[in-house]
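Novice: This is the structure, below, for whatever I ask next.
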Amino acid sequence: MTDKGTSGPGNVSITLAGNGGSKTVDLYSDEGRDLVASLWVKLSSHYRVMYEPTWLGIPIIQFPTDIVMMEELIWKVRPDFIVECGLAHGGSAVMFASICELIGKGQVIGVDVEIRQYNRAAIMSHPMSKRIELIEGSSIDHSVVAEIKRRVAGAETVLVVLDSNHSRDHVLKELNLYGEIVTPNSYMVAMDGAQALVWDTPNGKEEWKEDNPLVAIHEFLKKNPNFQIDPHYTRMHITSSPDGFLRRLTAEELK
Ligand SMILES: C[S@@+](CC[C@H](N)C(=O)[O-])C[C@H]1O[C@@H](n2cnc3c(N)ncnc32)[C@H](O)[C@@H]1O
C-alpha cells in the first residue's frame with residue numbers, strides 16, 4: 001500500500017502482486033473496496049474465521065456480516081417457516097429461531113444429512129428448541145423434500161436457506177427443488193458462493209473455480225426469471241454469499 005505522494009490523506013493506492021501479475025487500484029474507490037473485501041474473504045477463509053462465532057452458545061459457521069444480514073432478512077420477511085438445508089452444529093438454526101422468537105412467530109426446519117448426537121442434544125435442550133424441527137437426510141432426497149413440502153403446506157411465508165453441500169450440481173438441484181416452496185416476495189438464500197473466490201487460497205481447490213454455488217445460482221437464474229438477486233443483503237461486500245440472496249418476485253411484478 002503506498003501513499004500516492006500527492007495532496008490529501010485519501011490519496012492511497014494499493015498494489016496486489018503475485019500469481020504472475022500485479023494490479024494497482026485506488027484504495028478509496030469501489031475497486032479498492034472490492035479488492036480489500038475479496039482479500040478479507042480469502043484470508044478469513046484461510047484462517048477459518050467463519051468457525052469462530054457462536055449464537056446463544058451454539059457454534060454458527062458464518063461470517064459476522066452474513067449473520068447480521070440474515071437477522072435483517074428474517075425481520076423483514078417475518079416467515080412462518082425457515083427451511084435450512086445444512087445444519088452442522090445448529091447455530092444458524094438457533095439464530096434464525098431466536099429472531100423468530102423476538103418477532104413472535106416462525107418455525108425453523110433444519111435438514112442435515114448427518115445430525116450428530118451431541119449436536120442434536122445441544123439444539124434440542126436449547127431455549128430456542130421450541131421453534132426448531134430437525135430432519136435427518138439429504139436435502140435432495142425426494143422423501144425429505146416431500147416431508148418439508150408437507151410441513152410448510154399452506155404457510156403464508158416461507159424462507160429457504162441453502163447451506164449444505166456446496167458443489168455446483170447439488171446447489172442447482174436444491175435451488176430447483178426448494179424454489180417451489182419459497183413464497184412470493186420471500187427469499188431463497190444460497191450460501192457460500194465465495195467458494196468461487198477462494199479456490200486459489202493455500203487450502204483452496206482448483207476445481208472450486210467452476211464447482212461452486214455461484215455457478216449454480218447464475219444457471220438457476222437464467223431459467224427462473226421469477227427470482228432476482230437482491231444486492232441489499234450483500235451491501236457489506238464482506239460476505240461468503242455473493243449474489244446469494246434471491247428474492248422471489250410477486251405475481252404483480254411478473255405481469
Ligand atoms: C457449512 S455446514 C452448515 C453450516 C450451518 N448452516 C451454519 O451456518 O452454522 C454444511 C452442513 O451441510 C451438511 N450436508 C452436506 N451434504 C448434505 C446434504 N446432501 N443434505 C443435507 N445436508 C448436507 C453437512 O453435514 C454440514 O453439517
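In the C-alpha cells, chains take the letters A, B, ... in the order shown, each chain's residues start at 1, and ligands count up from 1 in the order shown.
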If you count only C-alpha atoms and all ligand atoms, which residues end up within 6 Å of ligand 1, as a PDB file with N, CA, C and O atoms, in the first residue's frame?

Specialist:
ATOM      1  N   ILE A  60     -21.914 -21.279  15.088  1.00  0.00           N
ATOM      2  CA  ILE A  60     -22.570 -20.941  13.820  1.00  0.00           C
ATOM      3  C   ILE A  60     -21.465 -20.694  12.805  1.00  0.00           C
ATOM      4  O   ILE A  60     -20.547 -19.917  13.064  1.00  0.00           O
ATOM      5  N   ILE A  61     -21.532 -21.382  11.676  1.00  0.00           N
ATOM      6  CA  ILE A  61     -20.436 -21.310  10.700  1.00  0.00           C
ATOM      7  C   ILE A  61     -20.747 -20.229   9.665  1.00  0.00           C
ATOM      8  O   ILE A  61     -21.217 -20.513   8.549  1.00  0.00           O
ATOM      9  N   GLN A  62     -20.531 -18.998  10.045  1.00  0.00           N
ATOM     10  CA  GLN A  62     -20.856 -17.848   9.182  1.00  0.00           C
ATOM     11  C   GLN A  62     -19.888 -16.710   9.485  1.00  0.00           C
ATOM     12  O   GLN A  62     -19.381 -16.612  10.601  1.00  0.00           O
ATOM     13  N   CYS A  85     -31.217 -25.983   4.786  1.00  0.00           N
ATOM     14  CA  CYS A  85     -30.502 -27.194   4.391  1.00  0.00           C
ATOM     15  C   CYS A  85     -29.047 -27.023   4.802  1.00  0.00           C
ATOM     16  O   CYS A  85     -28.393 -26.082   4.349  1.00  0.00           O
ATOM     17  N   GLY A  86     -28.560 -27.890   5.675  1.00  0.00           N
ATOM     18  CA  GLY A  86     -27.191 -27.782   6.185  1.00  0.00           C
ATOM     19  C   GLY A  86     -27.217 -27.128   7.545  1.00  0.00           C
ATOM     20  O   GLY A  86     -27.233 -25.901   7.685  1.00  0.00           O
ATOM     21  N   LEU A  87     -27.241 -27.975   8.567  1.00  0.00           N
ATOM     22  CA  LEU A  87     -27.472 -27.516   9.943  1.00  0.00           C
ATOM     23  C   LEU A  87     -26.160 -27.415  10.716  1.00  0.00           C
ATOM     24  O   LEU A  87     -25.973 -26.496  11.524  1.00  0.00           O
ATOM     25  N   ALA A  88     -25.267 -28.358  10.479  1.00  0.00           N
ATOM     26  CA  ALA A  88     -23.999 -28.515  11.221  1.00  0.00           C
ATOM     27  C   ALA A  88     -24.272 -28.549  12.721  1.00  0.00           C
ATOM     28  O   ALA A  88     -25.058 -29.350  13.186  1.00  0.00           O
ATOM     29  N   GLY A  90     -25.865 -26.321  14.411  1.00  0.00           N
ATOM     30  CA  GLY A  90     -27.199 -25.788  14.682  1.00  0.00           C
ATOM     31  C   GLY A  90     -27.220 -24.319  15.075  1.00  0.00           C
ATOM     32  O   GLY A  90     -28.284 -23.766  15.354  1.00  0.00           O
ATOM     33  N   GLY A  91     -26.049 -23.666  15.055  1.00  0.00           N
ATOM     34  CA  GLY A  91     -26.005 -22.251  15.456  1.00  0.00           C
ATOM     35  C   GLY A  91     -26.859 -21.356  14.576  1.00  0.00           C
ATOM     36  O   GLY A  91     -27.517 -20.427  15.062  1.00  0.00           O
ATOM     37  N   SER A  92     -26.878 -21.657  13.266  1.00  0.00           N
ATOM     38  CA  SER A  92     -27.690 -20.814  12.376  1.00  0.00           C
ATOM     39  C   SER A  92     -29.173 -21.056  12.646  1.00  0.00           C
ATOM     40  O   SER A  92     -29.961 -20.101  12.697  1.00  0.00           O
ATOM     41  N   VAL A 111     -32.422 -29.247   8.131  1.00  0.00           N
ATOM     42  CA  VAL A 111     -32.154 -30.529   7.469  1.00  0.00           C
ATOM     43  C   VAL A 111     -30.650 -30.747   7.410  1.00  0.00           C
ATOM     44  O   VAL A 111     -29.908 -29.839   7.027  1.00  0.00           O
ATOM     45  N   ASP A 112     -30.216 -31.943   7.767  1.00  0.00           N
ATOM     46  CA  ASP A 112     -28.796 -32.269   7.566  1.00  0.00           C
ATOM     47  C   ASP A 112     -28.679 -33.761   7.283  1.00  0.00           C
ATOM     48  O   ASP A 112     -29.435 -34.567   7.826  1.00  0.00           O
ATOM     49  N   VAL A 113     -27.728 -34.079   6.425  1.00  0.00           N
ATOM     50  CA  VAL A 113     -27.521 -35.476   6.035  1.00  0.00           C
ATOM     51  C   VAL A 113     -27.046 -36.284   7.237  1.00  0.00           C
ATOM     52  O   VAL A 113     -27.293 -37.486   7.328  1.00  0.00           O
ATOM     53  N   GLU A 114     -26.372 -35.603   8.177  1.00  0.00           N
ATOM     54  CA  GLU A 114     -25.945 -36.280   9.406  1.00  0.00           C
ATOM     55  C   GLU A 114     -26.071 -35.322  10.590  1.00  0.00           C
ATOM     56  O   GLU A 114     -25.347 -34.320  10.656  1.00  0.00           O
ATOM     57  N   SER A 138     -30.645 -36.385   3.230  1.00  0.00           N
ATOM     58  CA  SER A 138     -30.080 -35.476   2.237  1.00  0.00           C
ATOM     59  C   SER A 138     -31.134 -34.474   1.776  1.00  0.00           C
ATOM     60  O   SER A 138     -32.290 -34.847   1.527  1.00  0.00           O
ATOM     61  N   SER A 139     -30.721 -33.245   1.620  1.00  0.00           N
ATOM     62  CA  SER A 139     -31.647 -32.175   1.211  1.00  0.00           C
ATOM     63  C   SER A 139     -32.231 -32.409  -0.175  1.00  0.00           C
ATOM     64  O   SER A 139     -33.256 -31.825  -0.522  1.00  0.00           O
ATOM     65  N   ASP A 163     -27.404 -24.218   2.645  1.00  0.00           N
ATOM     66  CA  ASP A 163     -26.028 -24.165   3.156  1.00  0.00           C
ATOM     67  C   ASP A 163     -25.553 -25.583   3.472  1.00  0.00           C
ATOM     68  O   ASP A 163     -25.082 -25.858   4.568  1.00  0.00           O
ATOM     69  N   SER A 164     -25.730 -26.481   2.494  1.00  0.00           N
ATOM     70  CA  SER A 164     -25.323 -27.874   2.760  1.00  0.00           C
ATOM     71  C   SER A 164     -24.081 -28.225   1.950  1.00  0.00           C
ATOM     72  O   SER A 164     -23.015 -27.652   2.172  1.00  0.00           O
ATOM     73  N   ASN A 165     -24.225 -29.111   0.978  1.00  0.00           N
ATOM     74  CA  ASN A 165     -23.124 -29.466   0.092  1.00  0.00           C
ATOM     75  C   ASN A 165     -22.970 -28.323  -0.927  1.00  0.00           C
ATOM     76  O   ASN A 165     -23.951 -27.922  -1.554  1.00  0.00           O
TER      77      ASN A 165
END

Novice: Range 121-124 of chain A: which residues within 8 Å, counting only C-alpha atoms, same-chain residues fewer than 2 positions away excluded, as a list in words?

Specialist: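 That gives Ile58, His89, Gly90, Val94, Gln117, Tyr118, Asn119, His126, Met128 and Ser129 of chain A.
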
Novice: With C-alpha atoms retained, could you export that selection as a PDB file, in the first residue's frame?

Specialist:
ATOM      1  CA  ILE A  58     -24.025 -22.754  19.744  1.00  0.00           C
ATOM      2  CA  HIS A  89     -23.894 -27.615  14.953  1.00  0.00           C
ATOM      3  CA  GLY A  90     -27.199 -25.788  14.682  1.00  0.00           C
ATOM      4  CA  VAL A  94     -30.802 -21.265  16.722  1.00  0.00           C
ATOM      5  CA  GLN A 117     -25.931 -36.946  18.618  1.00  0.00           C
ATOM      6  CA  TYR A 118     -24.206 -34.164  20.620  1.00  0.00           C
ATOM      7  CA  ASN A 119     -25.417 -31.505  18.153  1.00  0.00           C
ATOM      8  CA  HIS A 126     -31.662 -25.068  23.906  1.00  0.00           C
ATOM      9  CA  MET A 128     -34.950 -21.879  21.229  1.00  0.00           C
ATOM     10  CA  SER A 129     -35.683 -25.574  20.556  1.00  0.00           C
TER      11      SER A 129
END

Novice: Rounded to one decimal, what separation in Å do you get between CA of Thr157 in chain A and CA of Val182 in chain A?

Specialist: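 These atoms are spaced 7.5 Å apart.
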
Novice: At a cut-off of 12 Å, using only C-alpha atoms, what residues contact Lys76 in chain A? Leave out same-chain residues fewer than 5 positions from it and give the result as a list in words.

Specialist: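 So the residues in contact are Met69, Met70, Glu71, Ile99, Cys100, Ile103, Thr157, Leu159, Asn185, Ser186, Tyr187 and Tyr233 of chain A.
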
Novice: Given the selection you just returned, output its residues as a file containing N, CA, C and O atoms, formatted as a PDB file, in the first residue's frame.

Specialist:
ATOM      1  N   MET A  69     -26.898  -9.824   8.269  1.00  0.00           N
ATOM      2  CA  MET A  69     -27.792  -9.724   7.105  1.00  0.00           C
ATOM      3  C   MET A  69     -28.962 -10.702   7.222  1.00  0.00           C
ATOM      4  O   MET A  69     -30.092 -10.393   6.834  1.00  0.00           O
ATOM      5  N   MET A  70     -28.702 -11.890   7.761  1.00  0.00           N
ATOM      6  CA  MET A  70     -29.806 -12.851   7.949  1.00  0.00           C
ATOM      7  C   MET A  70     -30.797 -12.331   8.989  1.00  0.00           C
ATOM      8  O   MET A  70     -32.009 -12.512   8.845  1.00  0.00           O
ATOM      9  N   GLU A  71     -30.278 -11.682  10.015  1.00  0.00           N
ATOM     10  CA  GLU A  71     -31.183 -11.075  11.018  1.00  0.00           C
ATOM     11  C   GLU A  71     -32.081 -10.046  10.345  1.00  0.00           C
ATOM     12  O   GLU A  71     -33.302 -10.041  10.542  1.00  0.00           O
ATOM     13  N   ILE A  99     -34.544 -14.970  16.323  1.00  0.00           N
ATOM     14  CA  ILE A  99     -35.161 -13.781  15.711  1.00  0.00           C
ATOM     15  C   ILE A  99     -36.669 -14.028  15.570  1.00  0.00           C
ATOM     16  O   ILE A  99     -37.487 -13.131  15.827  1.00  0.00           O
ATOM     17  N   CYS A 100     -37.031 -15.251  15.191  1.00  0.00           N
ATOM     18  CA  CYS A 100     -38.465 -15.601  15.125  1.00  0.00           C
ATOM     19  C   CYS A 100     -39.110 -15.395  16.501  1.00  0.00           C
ATOM     20  O   CYS A 100     -40.231 -14.890  16.602  1.00  0.00           O
ATOM     21  N   ILE A 103     -39.820 -11.857  17.019  1.00  0.00           N
ATOM     22  CA  ILE A 103     -40.939 -11.435  16.167  1.00  0.00           C
ATOM     23  C   ILE A 103     -42.255 -11.989  16.719  1.00  0.00           C
ATOM     24  O   ILE A 103     -43.321 -11.388  16.562  1.00  0.00           O
ATOM     25  N   THR A 157     -45.798 -17.504   4.425  1.00  0.00           N
ATOM     26  CA  THR A 157     -44.460 -17.023   4.070  1.00  0.00           C
ATOM     27  C   THR A 157     -43.395 -18.071   4.407  1.00  0.00           C
ATOM     28  O   THR A 157     -43.263 -18.479   5.564  1.00  0.00           O
ATOM     29  N   LEU A 159     -39.278 -19.013   3.874  1.00  0.00           N
ATOM     30  CA  LEU A 159     -37.917 -18.563   3.533  1.00  0.00           C
ATOM     31  C   LEU A 159     -37.030 -19.811   3.503  1.00  0.00           C
ATOM     32  O   LEU A 159     -37.174 -20.688   4.365  1.00  0.00           O
ATOM     33  N   ASN A 185     -42.199 -12.763  -2.831  1.00  0.00           N
ATOM     34  CA  ASN A 185     -41.599 -11.682  -2.045  1.00  0.00           C
ATOM     35  C   ASN A 185     -40.760 -12.202  -0.885  1.00  0.00           C
ATOM     36  O   ASN A 185     -40.230 -11.404  -0.111  1.00  0.00           O
ATOM     37  N   SER A 186     -40.646 -13.522  -0.746  1.00  0.00           N
ATOM     38  CA  SER A 186     -39.710 -14.076   0.228  1.00  0.00           C
ATOM     39  C   SER A 186     -38.422 -14.460  -0.518  1.00  0.00           C
ATOM     40  O   SER A 186     -38.283 -14.154  -1.706  1.00  0.00           O
ATOM     41  N   TYR A 187     -37.537 -15.126   0.181  1.00  0.00           N
ATOM     42  CA  TYR A 187     -36.188 -15.318  -0.358  1.00  0.00           C
ATOM     43  C   TYR A 187     -35.724 -16.765  -0.302  1.00  0.00           C
ATOM     44  O   TYR A 187     -36.168 -17.549   0.553  1.00  0.00           O
ATOM     45  N   TYR A 233     -28.629  -7.313   0.570  1.00  0.00           N
ATOM     46  CA  TYR A 233     -28.139  -8.163   1.662  1.00  0.00           C
ATOM     47  C   TYR A 233     -26.675  -8.570   1.505  1.00  0.00           C
ATOM     48  O   TYR A 233     -26.163  -9.347   2.310  1.00  0.00           O
TER      49      TYR A 233
END

Novice: According to DSSP computed on the backbone, where in range 16-228 of chain A is there strand (DSSP E)? Give the residues as a PyMOL selection string.

Specialist: chain A and resi 16-18+21-26+54-55+58-59+81-85+107-112+132-136+158-162+187-190+227-228

Novice: Please identify all polymer residues within 12 Å of Leu197 in chain A, counting only C-alpha atoms, omitting same-chain residues fewer than 4 positions from it, and present them as a PyMOL selection string.

Specialist: chain A and resi 35+37-46+192-193+201+204-215+238-242

Novice: Write the residues you've just listed into a file as a short mmCIF file (atom, residue, chain, number, x, y, z; two decimals), in the first residue's frame, and include N, CA, C and O atoms for each of them.

Specialist:
data_model
loop_
_atom_site.label_atom_id
_atom_site.label_comp_id
_atom_site.auth_asym_id
_atom_site.auth_seq_id
_atom_site.Cartn_x
_atom_site.Cartn_y
_atom_site.Cartn_z
N LEU A 35 -11.52 -5.02 -3.88
CA LEU A 35 -10.28 -5.79 -3.75
C LEU A 35 -10.02 -6.15 -2.29
O LEU A 35 -9.73 -7.31 -1.96
N ALA A 37 -12.18 -6.25 0.18
CA ALA A 37 -13.21 -7.17 0.66
C ALA A 37 -12.90 -8.60 0.20
O ALA A 37 -13.01 -9.55 0.98
N SER A 38 -12.47 -8.73 -1.06
CA SER A 38 -12.18 -10.09 -1.55
C SER A 38 -10.96 -10.66 -0.83
O SER A 38 -10.91 -11.86 -0.54
N LEU A 39 -10.00 -9.78 -0.50
CA LEU A 39 -8.83 -10.26 0.24
C LEU A 39 -9.22 -10.69 1.65
O LEU A 39 -8.71 -11.67 2.19
N TRP A 40 -10.15 -9.93 2.24
CA TRP A 40 -10.62 -10.29 3.60
C TRP A 40 -11.27 -11.67 3.56
O TRP A 40 -11.01 -12.52 4.42
N VAL A 41 -12.08 -11.90 2.55
CA VAL A 41 -12.77 -13.20 2.45
C VAL A 41 -11.74 -14.33 2.25
O VAL A 41 -11.82 -15.38 2.89
N LYS A 42 -10.76 -14.08 1.38
CA LYS A 42 -9.74 -15.10 1.14
C LYS A 42 -8.97 -15.42 2.43
O LYS A 42 -8.79 -16.58 2.81
N LEU A 43 -8.50 -14.34 3.11
CA LEU A 43 -7.70 -14.53 4.32
C LEU A 43 -8.52 -15.16 5.44
O LEU A 43 -8.05 -16.05 6.16
N SER A 44 -9.77 -14.70 5.57
CA SER A 44 -10.63 -15.21 6.65
C SER A 44 -11.00 -16.66 6.40
O SER A 44 -11.17 -17.43 7.33
N SER A 45 -11.11 -17.00 5.13
CA SER A 45 -11.37 -18.39 4.80
C SER A 45 -10.12 -19.22 5.14
O SER A 45 -10.23 -20.30 5.74
N HIS A 46 -8.95 -18.69 4.81
CA HIS A 46 -7.70 -19.38 5.11
C HIS A 46 -7.56 -19.62 6.62
O HIS A 46 -7.16 -20.68 7.07
N ASP A 192 -22.47 -19.47 0.47
CA ASP A 192 -21.10 -19.92 0.16
C ASP A 192 -20.68 -19.87 -1.30
O ASP A 192 -19.80 -20.62 -1.73
N GLY A 193 -21.29 -18.96 -2.05
CA GLY A 193 -20.82 -18.71 -3.42
C GLY A 193 -19.38 -18.24 -3.43
O GLY A 193 -18.69 -18.31 -4.46
N THR A 201 -6.68 -19.94 -2.75
CA THR A 201 -6.03 -19.74 -1.44
C THR A 201 -5.21 -21.01 -1.13
O THR A 201 -5.43 -22.06 -1.75
N GLY A 204 -7.28 -23.91 -0.76
CA GLY A 204 -8.37 -23.99 -1.74
C GLY A 204 -8.15 -25.15 -2.71
O GLY A 204 -7.12 -25.83 -2.67
N LYS A 205 -9.15 -25.36 -3.57
CA LYS A 205 -9.03 -26.44 -4.55
C LYS A 205 -9.30 -25.88 -5.94
O LYS A 205 -10.27 -25.13 -6.11
N GLU A 206 -8.47 -26.26 -6.88
CA GLU A 206 -8.57 -25.80 -8.27
C GLU A 206 -10.01 -25.99 -8.80
O GLU A 206 -10.57 -25.13 -9.47
N GLU A 207 -10.63 -27.13 -8.45
CA GLU A 207 -11.97 -27.43 -9.01
C GLU A 207 -13.05 -26.46 -8.52
O GLU A 207 -14.09 -26.31 -9.16
N TRP A 208 -12.81 -25.78 -7.37
CA TRP A 208 -13.80 -24.83 -6.86
C TRP A 208 -14.04 -23.66 -7.82
O TRP A 208 -15.06 -22.98 -7.74
N LYS A 209 -13.04 -23.44 -8.70
CA LYS A 209 -13.15 -22.35 -9.68
C LYS A 209 -14.47 -22.47 -10.44
O LYS A 209 -15.15 -21.49 -10.72
N GLU A 210 -14.83 -23.70 -10.84
CA GLU A 210 -16.07 -23.93 -11.59
C GLU A 210 -17.14 -24.63 -10.77
O GLU A 210 -18.32 -24.51 -11.06
N ASP A 211 -16.68 -25.37 -9.77
CA ASP A 211 -17.63 -26.19 -8.99
C ASP A 211 -17.95 -25.45 -7.70
O ASP A 211 -17.30 -25.65 -6.67
N ASN A 212 -18.96 -24.60 -7.77
CA ASN A 212 -19.29 -23.78 -6.60
C ASN A 212 -20.74 -23.29 -6.68
O ASN A 212 -21.37 -23.36 -7.75
N PRO A 213 -21.29 -22.82 -5.56
CA PRO A 213 -22.69 -22.38 -5.56
C PRO A 213 -22.98 -21.19 -6.48
O PRO A 213 -24.10 -21.06 -7.00
N LEU A 214 -21.97 -20.35 -6.71
CA LEU A 214 -22.19 -19.16 -7.53
C LEU A 214 -22.56 -19.54 -8.97
O LEU A 214 -23.47 -18.96 -9.57
N VAL A 215 -21.87 -20.54 -9.51
CA VAL A 215 -22.18 -21.02 -10.86
C VAL A 215 -23.62 -21.55 -10.88
O VAL A 215 -24.39 -21.28 -11.80
N ILE A 238 -18.38 -7.71 2.39
CA ILE A 238 -17.68 -8.85 3.00
C ILE A 238 -18.74 -9.91 3.25
O ILE A 238 -19.59 -9.77 4.13
N THR A 239 -18.74 -10.93 2.42
CA THR A 239 -19.79 -11.94 2.50
C THR A 239 -19.28 -13.27 1.97
O THR A 239 -18.43 -13.29 1.08
N SER A 240 -19.81 -14.35 2.50
CA SER A 240 -19.47 -15.64 1.88
C SER A 240 -20.56 -16.03 0.88
O SER A 240 -20.50 -17.09 0.28
N SER A 241 -21.55 -15.16 0.70
CA SER A 241 -22.66 -15.50 -0.20
C SER A 241 -22.92 -14.43 -1.27
O SER A 241 -24.02 -13.88 -1.36
N PRO A 242 -21.89 -14.13 -2.11
CA PRO A 242 -22.13 -13.14 -3.17
C PRO A 242 -23.25 -13.61 -4.10
O PRO A 242 -23.32 -14.81 -4.43
#

Novice: Pick out each residue of range 8-213 of chain A that DSSP on the backbone tags as helix (DSSP H, G or I); I need them as number ranges by chain.

Specialist: A: 30-46, 49-51, 64-77, 91-103, 117-124, 127-131, 142-152, 168-179, 193-196, 206-209, 213

Novice: Which of these, A:Pro53, A:Asn226, A:Met236, A:Lys173, has the shortest distance to Thr250 in chain A once you count only C-alpha atoms?

Specialist: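 For Thr250 in chain A, the nearest of the given residues is A:Asn226.
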
Novice: List as a ChimeraX atom specification the protein and nucleic acid residues near Pro225 in chain A, meaning an atom at most 10 Å away when only C-alpha atoms are counted, but skip any in the same chain fewer than 3 places from it.

Specialist: /A:220-222,228,248-249,254

Novice: Write a file of the selected residues as a CSV table (one decimal), in the first residue's frame, keeping all heavy atoms.

Specialist:
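Below is the file result.csv, written as the result:
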chain,number,residue,atom,x,y,z
A,220,PHE,N,-29.3,-21.2,-12.4
A,220,PHE,CA,-30.7,-21.3,-12.0
A,220,PHE,C,-31.4,-20.0,-12.4
A,220,PHE,O,-32.6,-20.1,-12.9
A,220,PHE,CB,-30.7,-21.4,-10.5
A,220,PHE,CG,-32.1,-21.3,-9.9
A,220,PHE,CD1,-33.0,-22.3,-9.9
A,220,PHE,CD2,-32.5,-20.1,-9.2
A,220,PHE,CE1,-34.3,-22.2,-9.4
A,220,PHE,CE2,-33.8,-20.0,-8.7
A,220,PHE,CZ,-34.7,-21.1,-8.8
A,221,LEU,N,-30.8,-18.8,-12.3
A,221,LEU,CA,-31.5,-17.6,-12.6
A,221,LEU,C,-31.8,-17.5,-14.1
A,221,LEU,O,-32.8,-16.8,-14.5
A,221,LEU,CB,-30.6,-16.4,-12.1
A,221,LEU,CG,-30.6,-16.2,-10.6
A,221,LEU,CD1,-29.6,-15.1,-10.2
A,221,LEU,CD2,-32.0,-16.0,-10.0
A,222,LYS,N,-30.9,-18.0,-14.9
A,222,LYS,CA,-31.2,-18.0,-16.4
A,222,LYS,C,-32.5,-18.6,-16.7
A,222,LYS,O,-33.2,-18.2,-17.6
A,222,LYS,CB,-30.1,-18.7,-17.1
A,222,LYS,CG,-28.9,-17.9,-17.5
A,222,LYS,CD,-27.9,-18.6,-18.4
A,222,LYS,CE,-26.5,-18.4,-17.9
A,222,LYS,NZ,-25.6,-19.5,-18.2
A,228,GLN,N,-34.8,-13.1,-8.4
A,228,GLN,CA,-33.9,-12.0,-8.7
A,228,GLN,C,-32.9,-11.8,-7.5
A,228,GLN,O,-33.3,-11.9,-6.3
A,228,GLN,CB,-34.7,-10.7,-8.8
A,228,GLN,CG,-34.2,-9.7,-9.7
A,228,GLN,CD,-35.2,-8.5,-9.9
A,228,GLN,OE1,-35.6,-7.9,-8.9
A,228,GLN,NE2,-35.7,-8.3,-11.1
A,248,ARG,N,-38.0,-14.0,-4.5
A,248,ARG,CA,-39.0,-14.5,-5.5
A,248,ARG,C,-39.9,-13.3,-5.8
A,248,ARG,O,-40.5,-12.7,-4.9
A,248,ARG,CB,-39.8,-15.6,-4.9
A,248,ARG,CG,-40.8,-16.2,-5.9
A,248,ARG,CD,-41.4,-17.5,-5.5
A,248,ARG,NE,-42.4,-17.8,-6.5
A,248,ARG,CZ,-43.1,-18.9,-6.5
A,248,ARG,NH1,-42.9,-19.8,-5.5
A,248,ARG,NH2,-44.0,-19.1,-7.4
A,249,LEU,N,-40.1,-13.0,-7.1
A,249,LEU,CA,-40.9,-11.9,-7.5
A,249,LEU,C,-42.4,-12.2,-7.2
A,249,LEU,O,-42.8,-13.4,-7.2
A,249,LEU,CB,-40.7,-11.5,-8.9
A,249,LEU,CG,-39.2,-11.2,-9.3
A,249,LEU,CD1,-39.1,-10.8,-10.8
A,249,LEU,CD2,-38.6,-10.1,-8.4
A,254,LEU,N,-44.4,-9.9,-12.0
A,254,LEU,CA,-44.1,-10.7,-13.2
A,254,LEU,C,-45.1,-10.4,-14.3
A,254,LEU,O,-44.9,-11.0,-15.4
A,254,LEU,CB,-44.3,-12.2,-12.8
A,254,LEU,CG,-43.1,-12.7,-11.9
A,254,LEU,CD1,-43.5,-14.1,-11.3
A,254,LEU,CD2,-41.8,-12.9,-12.7

Novice: May I have the residues within 8 Å of Leu172 in chain A as a list of chain:residue names, using only C-alpha atoms and disregarding those fewer than 2 positions away in the same chain?

Specialist: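 Near neighbours after the sequence-gap exclusion: A:Arg168, A:Asp169, A:His170, A:Glu174, A:Leu175, A:Asn176, A:Pro213, A:Ala216, A:Ile217, A:Glu219, A:Phe220.
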